[in-house]
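J.: The structure follows.
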Amino acid sequence: MKKVFAVLGLFAITFASAQTVSKVEVQNPAMDISASIPQDKIELYNQSFSKFVSALKTSNKDAISSLISEKVKSLVNENMIQKLSGGISFERKTEVYQSGYQKLPDNQTYPAVQYKYADDKNDPPRDLITVIFENDGRILGVKPDYSK
């Protein structure tokens, strides 16, 4: 059950609406940036993320399915993919902001990379996309974080 909440929390995107909606937020622990990820692994993760964004842009479900972890495939549906597509700007170039490790509710630690948009000169950046990977580069979760 914890895995379900972790995945849903990672793929959740909050949208403003005219209705009053009560919501439950899953609090994920902060990313540990003190432990560094080797550069060759970051390059592997960047390639996976780039392919994932391209697949989202073209709505290529087969490519998306091939890039995400087996642990979350059964939980990802069309609605989640559409919301995620709406939360990532395809016109803006992304770059690595920071990387580290994220501990999930299943008590396992996974590599995580935070991306910022290259044109965002704020420090810290206004808009971040946190991506949690398995060691082989498959994506466990994507969470766009936007300042309002």
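Going through the structure tokens in order, the chains are called A, B, and so on, while each chain numbers its residues from 1 and the ligands are numbered from 1 in the order shown.
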Name the residues in contact with Ile42 in chain A at a cut-off of 9 Å, using only C-alpha atoms, excluding same-chain residues fewer than 6 positions from it; report them as a ChimeraX atom specification.
T.: /A:96,99,113
J.: Now that the selection is made, can you save its residues with N, CA, C and O atoms as a PDB file, in the first residue's frame?
T.:
ATOM      1  N   VAL A  96      20.120  19.699 -15.617  1.00  0.00           N
ATOM      2  CA  VAL A  96      20.216  19.187 -14.257  1.00  0.00           C
ATOM      3  C   VAL A  96      20.445  20.340 -13.294  1.00  0.00           C
ATOM      4  O   VAL A  96      21.325  21.180 -13.500  1.00  0.00           O
ATOM      5  N   SER A  99      21.373  16.588  -8.004  1.00  0.00           N
ATOM      6  CA  SER A  99      21.081  15.157  -7.969  1.00  0.00           C
ATOM      7  C   SER A  99      21.435  14.612  -6.600  1.00  0.00           C
ATOM      8  O   SER A  99      22.192  15.221  -5.847  1.00  0.00           O
ATOM      9  N   VAL A 113      17.059  12.960  -9.702  1.00  0.00           N
ATOM     10  CA  VAL A 113      17.638  14.125 -10.375  1.00  0.00           C
ATOM     11  C   VAL A 113      16.566  15.200 -10.442  1.00  0.00           C
ATOM     12  O   VAL A 113      15.431  14.920 -10.823  1.00  0.00           O
TER      13      VAL A 113
END
J.: Extract, using only C-alpha atoms, all DNA, RNA and protein residues at most 12 Å from range 34-41 of chain A, discarding same-chain residues fewer than 3 positions from it, and format them as a list in words.
T.: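 Contacts, in chain order: Ala30, Met31, Leu44, Tyr45, Asn46, Gln47, Ser48, Val96, Gln98, Ser99, Gly100, Tyr101, Gln102, Thr109, Tyr110, Pro111, Ala112, Val113, Phe133, Glu134, Asn135, Asp136, Gly137 and Arg138 of chain A.
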J.: I want to know what sits within 8 Å of Thr130 in chain A, based on only C-alpha atoms, with residues of the same chain fewer than 6 positions away left out; could you give that as number ranges by chain?
T.: A: 112-115, 142-145
J.: I'd like the contact shell of Lys57 in chain A - 12 Å cut-off, only C-alpha atoms, skipping same-chain residues fewer than 2 positions apart - returned as a list in words.
T.: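 Near Lys57 in chain A, the qualifying residues are Ser50, Lys51, Phe52, Val53, Ser54, Ala55, Ser59, Asn60, Lys61, Ala63, Ile64, Ile81, Gln82, Leu84, Ser85, Gly86, Gly87, Ile88, Ser89, Phe90 and Glu91 of chain A.
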J.: In Å, with one decimal, what is the gap from CA of Asp62 in chain A to CA of Val76 in chain A?
T.: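 Those two atoms sit 12.5 Å apart.
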J.: So which residues of range 58-113 of chain A fall under strand (DSSP E or B) by DSSP, listed as number ranges by chain?
T.: A: 68, 94-103, 109-113
J.: Of the residues A:Arg126, A:Asn79, A:Asp32, A:Ala118, which is the one nearest to Glu95 in chain A, using only C-alpha atoms?
T.: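 Checking each of A:Arg126, A:Asn79, A:Asp32, A:Ala118 against Glu95 in chain A, counting only C-alpha atoms, the winner is A:Ala118.
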